[in-house]
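This is structure_20.pdb (PDB, C-alpha atoms and all ligand atoms).
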ATOM      1  CA  MET I1293      40.764  39.990  21.802
ATOM      2  CA  ILE I1294      41.119  36.526  20.293
ATOM      3  CA  LEU I1295      39.781  36.171  16.743
ATOM      4  CA  VAL I1296      38.782  32.562  16.058
ATOM      5  CA  THR I1297      38.046  32.017  12.392
ATOM      6  CA  PHE I1298      36.161  29.303  10.603
ATOM      7  CA  PRO I1299      38.607  27.827   8.067
ATOM      8  CA  GLU I1300      36.971  29.272   4.922
ATOM      9  CA  MET I1301      37.305  32.812   6.310
ATOM     10  CA  ARG I1302      41.067  32.608   6.897
ATOM     11  CA  PRO I1303      42.020  35.158   4.170
ATOM     12  CA  LEU I1304      39.724  37.854   5.621
ATOM     13  CA  ALA I1305      40.811  36.916   9.164
ATOM     14  CA  GLU I1306      44.429  37.578   8.199
ATOM     15  CA  ASP I1307      43.472  41.099   7.068
ATOM     16  CA  LEU I1308      41.304  41.721  10.094
ATOM     17  CA  ALA I1309      43.352  40.366  13.017
ATOM     18  CA  PRO I1310      46.260  42.839  12.750
ATOM     19  CA  ALA I1311      43.858  45.728  12.088
ATOM     20  CA  ILE I1312      41.953  45.069  15.334
ATOM     21  CA  GLY I1313      45.005  43.957  17.312
ATOM     22  CA  ALA I1314      43.626  40.438  17.826
ATOM     23  CA  ASP I1315      45.400  37.139  18.321
ATOM     24  CA  LEU I1316      44.327  35.001  15.322
ATOM     25  CA  ARG I1317      43.397  31.347  15.683
ATOM     26  CA  GLU I1318      41.578  28.909  13.412
ATOM     27  CA  LEU I1319      39.093  26.393  14.749
ATOM     28  CA  ASP I1320      38.950  22.848  13.445
ATOM     29  CA  TRP I1321      35.664  21.690  11.900
ATOM     30  CA  HIS I1322      35.643  17.942  11.397
ATOM     31  CA  ARG I1323      32.743  16.448   9.443
ATOM     32  CA  PHE I1324      31.959  12.835  10.260
ATOM     33  CA  PRO I1325      30.782  10.512   7.451
ATOM     34  CA  ASP I1326      27.176  10.864   8.650
ATOM     35  CA  GLY I1327      27.333  14.667   8.365
ATOM     36  CA  GLU I1328      27.669  15.482  12.068
ATOM     37  CA  SER I1329      30.231  18.109  13.082
ATOM     38  CA  LEU I1330      33.017  18.107  15.653
ATOM     39  CA  ILE I1331      34.269  21.597  16.496
ATOM     40  CA  SER I1332      37.646  22.034  18.251
ATOM     41  CA  LEU I1333      38.954  25.380  19.533
ATOM     42  CA  PRO I1334      42.713  25.869  19.798
ATOM     43  CA  GLY I1335      44.641  27.193  22.846
ATOM     44  CA  LYS I1336      43.444  28.709  26.120
ATOM     45  CA  LEU I1337      40.606  31.231  26.333
ATOM     46  CA  ASP I1338      40.596  31.970  30.078
ATOM     47  CA  GLY I1339      39.040  35.384  30.625
ATOM     48  CA  ALA I1340      39.445  36.365  26.951
ATOM     49  CA  ASP I1341      37.110  38.365  24.769
ATOM     50  CA  VAL I1342      36.546  36.065  21.797
ATOM     51  CA  ALA I1343      35.226  36.972  18.344
ATOM     52  CA  LEU I1344      34.190  34.143  16.029
ATOM     53  CA  LEU I1345      34.466  34.897  12.305
ATOM     54  CA  ALA I1346      32.015  33.003  10.105
ATOM     55  CA  THR I1347      30.087  34.118   7.068
ATOM     56  CA  LEU I1348      26.471  32.968   7.069
ATOM     57  CA  ARG I1349      25.999  31.820   3.494
ATOM     58  CA  ASP I1350      24.332  28.420   3.789
ATOM     59  CA  PRO I1351      23.270  29.224   7.370
ATOM     60  CA  ASP I1352      21.562  25.866   7.951
ATOM     61  CA  ARG I1353      24.959  24.159   7.545
ATOM     62  CA  LEU I1354      26.638  26.606   9.938
ATOM     63  CA  ALA I1355      24.031  27.091  12.646
ATOM     64  CA  LEU I1356      24.908  24.162  14.894
ATOM     65  CA  PRO I1357      28.698  24.421  14.454
ATOM     66  CA  LEU I1358      28.394  28.111  15.443
ATOM     67  CA  ARG I1359      26.385  27.228  18.524
ATOM     68  CA  PHE I1360      28.869  24.482  19.467
ATOM     69  CA  ALA I1361      31.827  26.854  18.978
ATOM     70  CA  ALA I1362      30.296  29.660  21.074
ATOM     71  CA  ALA I1363      29.272  27.312  23.900
ATOM     72  CA  THR I1364      32.688  25.649  23.916
ATOM     73  CA  ALA I1365      34.452  29.022  24.071
ATOM     74  CA  ARG I1366      32.420  29.844  27.194
ATOM     75  CA  GLU I1367      33.183  26.446  28.738
ATOM     76  CA  MET I1368      36.875  27.212  28.112
ATOM     77  CA  GLY I1369      36.546  30.433  30.115
ATOM     78  CA  ALA I1370      35.899  33.124  27.499
ATOM     79  CA  ARG I1371      34.623  36.311  29.125
ATOM     80  CA  ARG I1372      32.431  37.253  26.162
ATOM     81  CA  VAL I1373      31.872  35.670  22.758
ATOM     82  CA  GLY I1374      30.908  37.805  19.765
ATOM     83  CA  LEU I1375      30.151  36.920  16.154
ATOM     84  CA  ILE I1376      31.609  38.652  13.109
ATOM     85  CA  ALA I1377      29.359  37.519  10.253
ATOM     86  CA  PRO I1378      30.294  39.545   7.137
ATOM     87  CA  TYR I1379      27.238  38.061   5.410
ATOM     88  CA  LEU I1380      24.178  37.535   7.573
ATOM     89  CA  GLY I1381      21.795  35.005   6.033
ATOM     90  CA  TYR I1382      18.039  34.728   6.523
ATOM     91  CA  MET I1383      17.369  38.484   6.636
ATOM     92  CA  ARG I1384      15.214  38.456   3.483
ATOM     93  CA  GLN I1385      12.317  36.505   5.021
ATOM     94  CA  ASP I1386      11.334  39.452   7.187
ATOM     95  CA  ARG I1387       7.572  38.962   7.133
ATOM     96  CA  ARG I1388       4.918  36.279   6.617
ATOM     97  CA  PHE I1389       4.349  36.558   2.879
ATOM     98  CA  GLU I1390       1.813  33.696   3.019
ATOM     99  CA  ALA I1391      -0.136  32.207   5.921
ATOM    100  CA  GLY I1392       1.803  29.653   7.917
ATOM    101  CA  GLN I1393       5.283  30.744   6.837
ATOM    102  CA  ALA I1394       8.030  31.154   9.426
ATOM    103  CA  VAL I1395       9.314  34.720   9.721
ATOM    104  CA  SER I1396      12.928  33.600   9.557
ATOM    105  CA  ALA I1397      14.759  36.914  10.084
ATOM    106  CA  PRO I1398      13.768  37.526  13.738
ATOM    107  CA  LEU I1399      13.828  33.784  14.501
ATOM    108  CA  PHE I1400      17.408  33.475  13.230
ATOM    109  CA  ALA I1401      18.406  36.648  15.094
ATOM    110  CA  GLN I1402      16.995  35.157  18.315
ATOM    111  CA  PHE I1403      18.870  31.914  17.629
ATOM    112  CA  LEU I1404      22.189  33.759  17.260
ATOM    113  CA  GLY I1405      21.406  35.937  20.276
ATOM    114  CA  GLN I1406      21.172  32.828  22.449
ATOM    115  CA  SER I1407      24.835  32.016  21.683
ATOM    116  CA  PHE I1408      26.584  35.354  21.277
ATOM    117  CA  ASP I1409      27.064  38.559  23.275
ATOM    118  CA  TRP I1410      27.369  40.839  20.252
ATOM    119  CA  LEU I1411      27.332  40.751  16.456
ATOM    120  CA  VAL I1412      28.936  42.718  13.635
ATOM    121  CA  THR I1413      27.878  42.266  10.011
ATOM    122  CA  VAL I1414      28.176  44.068   6.661
ATOM    123  CA  ASP I1415      25.169  45.605   4.876
ATOM    124  CA  PRO I1416      22.459  43.244   6.136
ATOM    125  CA  HIS I1417      19.398  42.917   3.897
ATOM    126  CA  LEU I1418      17.021  45.078   5.953
ATOM    127  CA  HIS I1419      13.866  46.513   4.419
ATOM    128  CA  ARG I1420      10.683  46.150   6.420
ATOM    129  CA  ILE I1421      12.901  45.696   9.495
ATOM    130  CA  ALA I1422      14.597  49.065   9.912
ATOM    131  CA  ARG I1423      17.454  48.245  12.278
ATOM    132  CA  LEU I1424      19.349  45.171  13.468
ATOM    133  CA  ASP I1425      18.423  46.154  17.020
ATOM    134  CA  ASP I1426      14.761  45.571  16.124
ATOM    135  CA  VAL I1427      15.381  41.824  15.780
ATOM    136  CA  PHE I1428      18.594  41.078  17.692
ATOM    137  CA  PRO I1429      18.456  40.683  21.476
ATOM    138  CA  ILE I1430      22.196  41.538  21.646
ATOM    139  CA  PRO I1431      24.174  44.622  20.559
ATOM    140  CA  ALA I1432      24.413  44.392  16.761
ATOM    141  CA  MET I1433      26.421  46.694  14.513
ATOM    142  CA  ARG I1434      26.340  47.056  10.723
ATOM    143  CA  ALA I1435      29.422  47.925   8.711
ATOM    144  CA  VAL I1436      28.711  49.814   5.486
ATOM    145  CA  SER I1437      30.488  48.895   2.267
ATOM    146  CA  ALA I1438      29.275  51.899   0.199
ATOM    147  CA  PRO I1439      32.523  53.934   0.516
ATOM    148  CA  LEU I1440      34.529  50.936  -0.704
ATOM    149  CA  LEU I1441      32.191  50.332  -3.641
ATOM    150  CA  ALA I1442      32.277  54.017  -4.581
ATOM    151  CA  SER I1443      36.056  54.065  -4.409
ATOM    152  CA  TRP I1444      36.252  50.953  -6.618
ATOM    153  CA  ILE I1445      33.998  52.648  -9.188
ATOM    154  CA  GLU I1446      36.004  55.873  -9.137
ATOM    155  CA  THR I1447      39.195  53.912  -9.817
ATOM    156  CA  ASN I1448      37.939  51.318 -12.280
ATOM    157  CA  LEU I1449      34.849  52.743 -14.013
ATOM    158  CA  PRO I1450      34.866  56.536 -13.808
ATOM    159  CA  ASP I1451      32.111  56.745 -16.486
ATOM    160  CA  ALA I1452      29.772  54.387 -14.587
ATOM    161  CA  VAL I1453      25.999  54.791 -14.616
ATOM    162  CA  LEU I1454      24.758  52.984 -11.512
ATOM    163  CA  LEU I1455      21.653  50.856 -11.855
ATOM    164  CA  GLY I1456      19.653  49.122  -9.168
ATOM    165  CA  PRO I1457      17.739  46.115 -10.502
ATOM    166  CA  ASP I1458      14.712  46.675  -8.229
ATOM    167  CA  SER I1459      13.210  49.110  -5.746
ATOM    168  CA  GLU I1460      14.836  47.347  -2.764
ATOM    169  CA  SER I1461      18.264  48.143  -4.207
ATOM    170  CA  GLN I1462      17.553  51.889  -4.130
ATOM    171  CA  GLN I1463      19.260  52.301  -0.737
ATOM    172  CA  TRP I1464      22.586  50.817  -1.928
ATOM    173  CA  VAL I1465      22.596  52.390  -5.377
ATOM    174  CA  ALA I1466      21.677  55.919  -4.314
ATOM    175  CA  GLU I1467      24.371  56.015  -1.632
ATOM    176  CA  VAL I1468      27.162  54.575  -3.786
ATOM    177  CA  ALA I1469      26.196  56.911  -6.677
ATOM    178  CA  ARG I1470      26.274  59.898  -4.310
ATOM    179  CA  LEU I1471      29.707  58.965  -2.955
ATOM    180  CA  ALA I1472      31.117  58.266  -6.431
ATOM    181  CA  GLY I1473      29.504  61.378  -7.925
ATOM    182  CA  ARG I1474      27.816  59.334 -10.669
ATOM    183  CA  PRO I1475      24.199  59.193 -11.957
ATOM    184  CA  HIS I1476      21.887  56.363 -10.982
ATOM    185  CA  GLU I1477      18.570  54.772 -11.982
ATOM    186  CA  VAL I1478      16.455  52.015 -10.509
ATOM    187  CA  LEU I1479      14.928  49.351 -12.770
ATOM    188  CA  ARG I1480      11.591  47.613 -12.173
ATOM    189  CA  LYS I1481      11.450  43.977 -11.107
ATOM    190  CA  VAL I1482       8.582  41.534 -10.665
ATOM    191  CA  ARG I1483       9.423  38.193  -9.034
ATOM    192  CA  SER I1484       7.044  35.253  -9.464
ATOM    193  CA  GLY I1485       9.353  32.480  -8.192
ATOM    194  CA  ASP I1486      12.860  31.689  -6.909
ATOM    195  CA  ARG I1487      14.250  31.738 -10.442
ATOM    196  CA  SER I1488      11.416  33.506 -12.198
ATOM    197  CA  VAL I1489      12.014  37.239 -12.444
ATOM    198  CA  ASP I1490      11.034  39.920 -14.932
ATOM    199  CA  VAL I1491      12.983  43.185 -15.119
ATOM    200  CA  SER I1492      12.035  46.245 -17.151
ATOM    201  CA  VAL I1493      14.212  49.227 -18.021
ATOM    202  CA  PRO I1494      12.812  52.772 -17.967
ATOM    203  CA  GLU I1495      13.495  55.184 -20.819
ATOM    204  CA  SER I1496      16.373  57.294 -19.590
ATOM    205  CA  ALA I1497      19.019  59.473 -21.175
ATOM    206  CA  ALA I1498      21.398  58.565 -18.321
ATOM    207  CA  LEU I1499      21.444  54.944 -19.514
ATOM    208  CA  GLN I1500      23.231  55.889 -22.714
ATOM    209  CA  SER I1501      25.799  58.124 -21.025
ATOM    210  CA  GLY I1502      28.373  55.635 -19.710
ATOM    211  CA  THR I1503      29.158  52.081 -18.638
ATOM    212  CA  PRO I1504      26.149  50.478 -16.928
ATOM    213  CA  VAL I1505      26.988  49.056 -13.495
ATOM    214  CA  ILE I1506      24.228  46.964 -11.942
ATOM    215  CA  LEU I1507      24.604  47.133  -8.169
ATOM    216  CA  ASP I1508      22.784  44.895  -5.713
ATOM    217  CA  ASP I1509      23.365  43.668  -2.181
ATOM    218  CA  ILE I1510      22.919  39.953  -2.943
ATOM    219  CA  ALA I1511      23.156  37.721  -5.993
ATOM    220  CA  SER I1512      21.698  34.363  -4.961
ATOM    221  CA  SER I1513      20.279  32.401  -7.895
ATOM    222  CA  GLY I1514      21.697  35.210 -10.065
ATOM    223  CA  THR I1515      18.347  35.547 -11.839
ATOM    224  CA  THR I1516      17.829  39.211 -10.904
ATOM    225  CA  MET I1517      21.260  40.186 -12.229
ATOM    226  CA  ALA I1518      20.941  38.017 -15.348
ATOM    227  CA  ARG I1519      17.532  39.443 -16.322
ATOM    228  CA  ALA I1520      18.748  43.005 -15.681
ATOM    229  CA  VAL I1521      21.782  42.404 -17.915
ATOM    230  CA  GLU I1522      19.577  41.039 -20.720
ATOM    231  CA  ARG I1523      17.083  43.902 -20.575
ATOM    232  CA  LEU I1524      19.856  46.507 -20.591
ATOM    233  CA  LEU I1525      21.466  44.886 -23.641
ATOM    234  CA  ASP I1526      18.013  44.847 -25.285
ATOM    235  CA  ALA I1527      17.857  48.595 -24.579
ATOM    236  CA  GLY I1528      21.126  49.088 -26.454
ATOM    237  CA  THR I1529      23.576  49.724 -23.618
ATOM    238  CA  PRO I1530      27.170  48.447 -23.582
ATOM    239  CA  ALA I1531      27.708  45.163 -21.717
ATOM    240  CA  PRO I1532      26.995  45.899 -18.034
ATOM    241  CA  VAL I1533      29.361  45.303 -15.136
ATOM    242  CA  CYS I1534      27.656  43.571 -12.182
ATOM    243  CA  LEU I1535      28.727  44.723  -8.729
ATOM    244  CA  VAL I1536      27.419  42.729  -5.791
ATOM    245  CA  ILE I1537      28.139  43.120  -2.099
ATOM    246  CA  HIS I1538      27.442  39.534  -1.035
ATOM    247  CA  ALA I1539      28.477  36.862  -3.549
ATOM    248  CA  VAL I1540      25.993  34.244  -2.341
ATOM    249  CA  PHE I1541      25.947  32.635  -5.812
ATOM    250  CA  ALA I1542      23.927  29.439  -5.625
ATOM    251  CA  ASP I1543      25.066  26.738  -8.045
ATOM    252  CA  GLY I1544      25.375  28.122 -11.567
ATOM    253  CA  ALA I1545      24.570  31.732 -10.627
ATOM    254  CA  HIS I1546      27.875  33.273 -11.639
ATOM    255  CA  ASP I1547      27.845  31.483 -15.003
ATOM    256  CA  ALA I1548      24.216  32.507 -15.587
ATOM    257  CA  ILE I1549      25.113  36.188 -15.143
ATOM    258  CA  LEU I1550      28.089  35.928 -17.496
ATOM    259  CA  SER I1551      26.039  33.950 -20.050
ATOM    260  CA  ALA I1552      23.408  36.701 -19.982
ATOM    261  CA  GLY I1553      26.084  39.046 -21.332
ATOM    262  CA  ALA I1554      27.681  40.773 -18.318
ATOM    263  CA  ALA I1555      31.102  42.202 -19.065
ATOM    264  CA  ARG I1556      32.348  41.342 -15.599
ATOM    265  CA  VAL I1557      31.098  40.366 -12.129
ATOM    266  CA  VAL I1558      32.750  41.961  -9.087
ATOM    267  CA  SER I1559      32.065  41.372  -5.390
ATOM    268  CA  THR I1560      33.355  42.191  -1.928
ATOM    269  CA  ASP I1561      34.982  39.473   0.165
ATOM    270  CA  THR I1562      32.106  39.089   2.665
ATOM    271  CA  ILE I1563      31.770  35.621   1.073
ATOM    272  CA  PRO I1564      34.868  34.006  -0.453
ATOM    273  CA  HIS I1565      34.440  33.754  -4.251
ATOM    274  CA  SER I1566      36.543  34.101  -7.389
ATOM    275  CA  THR I1567      34.823  37.455  -8.107
ATOM    276  CA  ASN I1568      36.070  39.070  -4.847
ATOM    277  CA  ALA I1569      37.880  42.312  -5.680
ATOM    278  CA  ILE I1570      36.935  44.631  -2.814
ATOM    279  CA  GLY I1571      38.267  43.895   0.695
ATOM    280  CA  ILE I1572      35.955  44.793   3.585
ATOM    281  CA  ALA I1573      38.384  44.392   6.525
ATOM    282  CA  GLY I1574      38.682  48.192   6.882
ATOM    283  CA  VAL I1575      34.957  48.868   7.339
ATOM    284  CA  LEU I1576      34.616  45.829   9.620
ATOM    285  CA  THR I1577      37.396  47.274  11.758
ATOM    286  CA  ASP I1578      35.577  50.618  11.980
ATOM    287  CA  ALA I1579      32.378  48.851  13.077
ATOM    288  CA  LEU I1580      34.250  46.771  15.667
ATOM    289  CA  ARG I1581      35.826  49.916  17.075
ATOM    290  CA  SER I1582      32.408  51.567  17.461
ATOM    291  CA  LEU I1583      31.008  48.463  19.106
ATOM    292  CA  ALA I1584      34.038  48.097  21.365
ATOM    293  CA  ALA I1585      33.591  51.660  22.630
ATOM    294  CA  GLY I1586      30.039  50.863  23.752
ATOM    295  CA  LEU I1587      30.739  47.440  25.238
ATOM    296  CA  ASP I1588      33.970  47.892  27.149
ATOM    297  CA  LEU I1589      35.660  45.490  24.751
ATOM    298  CA  PRO I1590      39.415  45.713  24.144
ATOM    299  CA  ALA I1591      39.770  48.646  21.725
ATOM    300  CA  ALA I1592      40.277  47.616  18.138
ATOM    301  CA  GLY I1593      43.425  49.035  16.550
ATOM    302  CA  THR I1594      43.738  51.715  13.925
ATOM    303  CA  PRO I1595      41.850  50.737  10.753
ATOM    304  CA  ARG I1596      44.032  49.877   7.796
ATOM    305  CA  LEU I1597      43.036  49.406   4.210
ATOM    306  CA  ALA I1598      42.854  45.716   3.407
ATOM    307  CA  PRO I1599      44.744  44.526   0.345
ATOM    308  CA  ASN I1600      42.675  43.865  -2.743
ATOM    309  CA  PRO I1601      41.741  40.142  -2.577
ATOM    310  CA  ALA I1602      42.657  39.729  -6.228
ATOM    311  CA  GLU I1603      46.157  40.956  -5.414
ATOM    312  CA  ARG I1604      46.296  38.670  -2.402
ATOM    313  CA  THR I1605      45.683  35.547  -4.485
ATOM    314  CA  SER I1606      48.397  36.492  -6.956
ATOM    315  CA  GLU I1607      50.988  36.823  -4.233
TER     316      GLU I1607
HETATM  317  O1  LIG I1701      17.566  36.894  -8.003
HETATM  318  P1  LIG I1701      18.444  36.268  -6.971
HETATM  319  O2  LIG I1701      19.897  36.343  -7.319
HETATM  320  O3  LIG I1701      18.019  34.860  -6.644
HETATM  321  O4  LIG I1701      18.218  37.031  -5.597
HETATM  322  C1  LIG I1701      18.837  38.258  -5.307
HETATM  323  C2  LIG I1701      17.833  39.356  -5.191
HETATM  324  O5  LIG I1701      16.881  39.090  -4.178
HETATM  325  C3  LIG I1701      16.775  40.236  -3.339
HETATM  326  O6  LIG I1701      16.268  39.945  -2.107
HETATM  327  C4  LIG I1701      18.168  40.784  -3.341
HETATM  328  O7  LIG I1701      18.263  42.082  -2.865
HETATM  329  C5  LIG I1701      18.477  40.662  -4.803
HETATM  330  O8  LIG I1701      17.834  41.711  -5.497
END
In structure tokens, write the structure found in this file.
Amino acid sequence: MILVTFPEMRPLAEDLAPAIGADLRELDWHRFPDGESLISLPGKLDGADVALLATLRDPDRLALPLRFAAATAREMGARRVGLIAPYLGYMRQDRRFEAGQAVSAPLFAQFLGQSFDWLVTVDPHLHRIARLDDVFPIPAMRAVSAPLLASWIETNLPDAVLLGPDSESQQWVAEVARLAGRPHEVLRKVRSGDRSVDVSVPESAALQSGTPVILDDIASSGTTMARAVERLLDAGTPAPVCLVIHAVFADGAHDAILSAGAARVVSTDTIPHSTNAIGIAGVLTDALRSLAAGLDLPAAGTPRLAPNPAERTSE
């Protein structure tokens, strides 16, 4: 397999390529002064199975470059072209909340399915849509970060009390708490706008029994995390640690969470960010191996634990 990475994903690509036995290449993405993109793929692709690595934060910016890259790989002779998207954007708009709205999740899945033969992602935001297969017209596999999050908690915060900021976070929090052998609670959230969120904290003895760790799949504006931090401090807990799978972090989000009083913000490296502390190459490799078995792809190699991204940057 040939792994072709978008430039910003190079650090994860360097963990992933040896683990899956892929030849690593980086595409060139030139931006013209008017904002148009020129994508260039390196080397020959004749008959190769190609995997593109791109994380879909800011998916509007990436959509056309992805389509150009996939089409060009085919023109250069690639046998199949897959997409490894550690973060898969647009999954939250999974129904028409108001008349006339686009239901973006299936539309974006169809868009990607027109360019790629398969897809692997990490913990997609699926709620009313149960499975990736329900919206993707191509084989789509989800890697699960829960074992990595649980292991991080066991090592770094053995007295953690896991807290989901809203009912949608129940699925992540319950599983990580089970794997880490720690208690968990789910807070109540009411959202009235993009940055207008109210969180309330239930009375609970568990809250006072350890270090609060707020766990969510996505921090976007950071408002959910920030309000949860404030309400927990109001309830008399120690400063919470915020653990997020996908560090989407719109402008100012990380600072807003810290200003609210969080002790620390930690994320996986599905999206490059200064808070990355948990490497997901191992679970991506597992997912690629499962997919490869079903698709007659070149078998991915033996999974290896990825180095901690924080350690990587200090090398
Ligand atoms: O409050 P922000 O950070 O904007 O949005 C993130 C929240 O929106 C939800 O869909 C996510 O699961 C998370 O709870």
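The two atoms in question, atom CA of Ala1520 of chain I and atom CA of Gly1485 of chain I, are spaced 16.0 Å apart.
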message: Could you list, as JSON, numbers by chain, every residue matched by the PyMOL selection byres (((not hetatm)) within 9 of (chain I and resi 1701)) in this structure?
response: {"I": [1383, 1384, 1385, 1417, 1456, 1457, 1458, 1459, 1460, 1461, 1481, 1483, 1486, 1487, 1488, 1489, 1508, 1509, 1510, 1511, 1512, 1513, 1514, 1515, 1516, 1517, 1518, 1519, 1540, 1541, 1542, 1545]}
The selected residues should be written to file as a PDB file, in the frame of the given file (atoms: C-alpha atoms).
ATOM      1  CA  MET I1383      17.369  38.484   6.636  1.00  0.00           C
ATOM      2  CA  ARG I1384      15.214  38.456   3.483  1.00  0.00           C
ATOM      3  CA  GLN I1385      12.317  36.505   5.021  1.00  0.00           C
ATOM      4  CA  HIS I1417      19.398  42.917   3.897  1.00  0.00           C
ATOM      5  CA  GLY I1456      19.653  49.122  -9.168  1.00  0.00           C
ATOM      6  CA  PRO I1457      17.739  46.115 -10.502  1.00  0.00           C
ATOM      7  CA  ASP I1458      14.712  46.675  -8.229  1.00  0.00           C
ATOM      8  CA  SER I1459      13.210  49.110  -5.746  1.00  0.00           C
ATOM      9  CA  GLU I1460      14.836  47.347  -2.764  1.00  0.00           C
ATOM     10  CA  SER I1461      18.264  48.143  -4.207  1.00  0.00           C
ATOM     11  CA  LYS I1481      11.450  43.977 -11.107  1.00  0.00           C
ATOM     12  CA  ARG I1483       9.423  38.193  -9.034  1.00  0.00           C
ATOM     13  CA  ASP I1486      12.860  31.689  -6.909  1.00  0.00           C
ATOM     14  CA  ARG I1487      14.250  31.738 -10.442  1.00  0.00           C
ATOM     15  CA  SER I1488      11.416  33.506 -12.198  1.00  0.00           C
ATOM     16  CA  VAL I1489      12.014  37.239 -12.444  1.00  0.00           C
ATOM     17  CA  ASP I1508      22.784  44.895  -5.713  1.00  0.00           C
ATOM     18  CA  ASP I1509      23.365  43.668  -2.181  1.00  0.00           C
ATOM     19  CA  ILE I1510      22.919  39.953  -2.943  1.00  0.00           C
ATOM     20  CA  ALA I1511      23.156  37.721  -5.993  1.00  0.00           C
ATOM     21  CA  SER I1512      21.698  34.363  -4.961  1.00  0.00           C
ATOM     22  CA  SER I1513      20.279  32.401  -7.895  1.00  0.00           C
ATOM     23  CA  GLY I1514      21.697  35.210 -10.065  1.00  0.00           C
ATOM     24  CA  THR I1515      18.347  35.547 -11.839  1.00  0.00           C
ATOM     25  CA  THR I1516      17.829  39.211 -10.904  1.00  0.00           C
ATOM     26  CA  MET I1517      21.260  40.186 -12.229  1.00  0.00           C
ATOM     27  CA  ALA I1518      20.941  38.017 -15.348  1.00  0.00           C
ATOM     28  CA  ARG I1519      17.532  39.443 -16.322  1.00  0.00           C
ATOM     29  CA  VAL I1540      25.993  34.244  -2.341  1.00  0.00           C
ATOM     30  CA  PHE I1541      25.947  32.635  -5.812  1.00  0.00           C
ATOM     31  CA  ALA I1542      23.927  29.439  -5.625  1.00  0.00           C
ATOM     32  CA  ALA I1545      24.570  31.732 -10.627  1.00  0.00           C
TER      33      ALA I1545
END
- prompt: If you measure from atom CA of Pro1357 of chain I to atom CA of Val1412 of chain I, what distance in Å do you get, rounded to one decimal?
  reply: 18.3 Å
task: Could you tell me which residues the PyMOL selection byres (((chain I and resi 1584-1589) around 12) and not hetatm) returns for this structure, as a PyMOL selection string?
output: chain I and resi 1293-1294+1312+1314+1340-1343+1371-1374+1409-1412+1430-1433+1576-1583+1590-1593
message: Once the PyMOL selection byres (((chain I and resi 1559) around 8) and not hetatm) has been evaluated on this model, what residues remain selected, and can you format them as a VMD selection string?
response: chain I and resid 1535 to 1539 1557 to 1558 1560 to 1561 1567 to 1570
message: If we count only C-alpha atoms and set the cut-off at 8 Å, which residues sit around Thr1297 of chain I, ignoring sequence neighbours fewer than 2 positions away in its own chain? Please answer as a ChimeraX atom specification.
response: /I:1295,1299,1301-1302,1305,1316-1319,1344-1346
- prompt: Within 8 Å of Ala1365 of chain I, counting all atoms listed in the file, which residues qualify if same-chain residues fewer than 3 places away don't, as a PyMOL selection string?
  reply: chain I and resi 1333+1337+1342+1361-1362+1368-1370+1373
- request: Excluding Phe1428 of chain I and any residue of its chain fewer than 6 positions from it, enumerate the residues within 9 Å of it, using all atoms listed in the file, and give them as a count of residues only.
  value: 7
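Residue nearest Leu1479 of chain I within the list I:Ala1442, I:Leu1308, I:Leu1507, I:Glu1467: I:Leu1507 [criterion: smallest interatomic distance, only C-alpha atoms].
In terms of minimum interatomic distance to Leu1375 of chain I, I:Leu1348 ranks closest within I:Val1493, I:Leu1348, I:Val1468, I:Ala1498, counting all atoms listed in the file.
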For segment 1446-1459 of chain I, take all atoms listed in the file, fit an axis-aligned box around them, add 4 Å to each of the six sides, then output centre and edge lengths in Å rounded to one decimal, as AutoDock Vina command-line options.
--center_x 26.2 --center_y 51.4 --center_z -11.1 --size_x 34.0 --size_y 18.6 --size_z 18.7
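Counting only C-alpha atoms, the residue from I:Gly1381, I:Gly1574, I:Asp1490, I:Ser1332 that sits nearest to Ala1435 of chain I is I:Gly1574.
Nearest residue to Arg1349 of chain I among I:Ile1563, I:Leu1399, I:Ile1572, I:Ala1469 is I:Ile1563, counting all atoms listed in the file.
The closest residue to Glu1522 of chain I, picked from I:Pro1378, I:Gly1313, I:Pro1416, I:Gly1553 and counting only C-alpha atoms, is I:Gly1553.
Considering the residues I:Leu1358, I:Pro1504, I:Trp1444, I:Arg1556 and counting all atoms listed in the file, Phe1408 of chain I has its shortest atom-to-atom contact with I:Leu1358.
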message: Need the shell around Arg1359 of chain I: protein/DNA/RNA residues with any atom at most 9 Å away, counting all atoms listed in the file. Skip same-chain ones fewer than 5 positions apart. Format as a list in words?
response: Leu1354, Thr1364, Phe1403, Leu1404, Gln1406, Ser1407 and Phe1408 of chain I
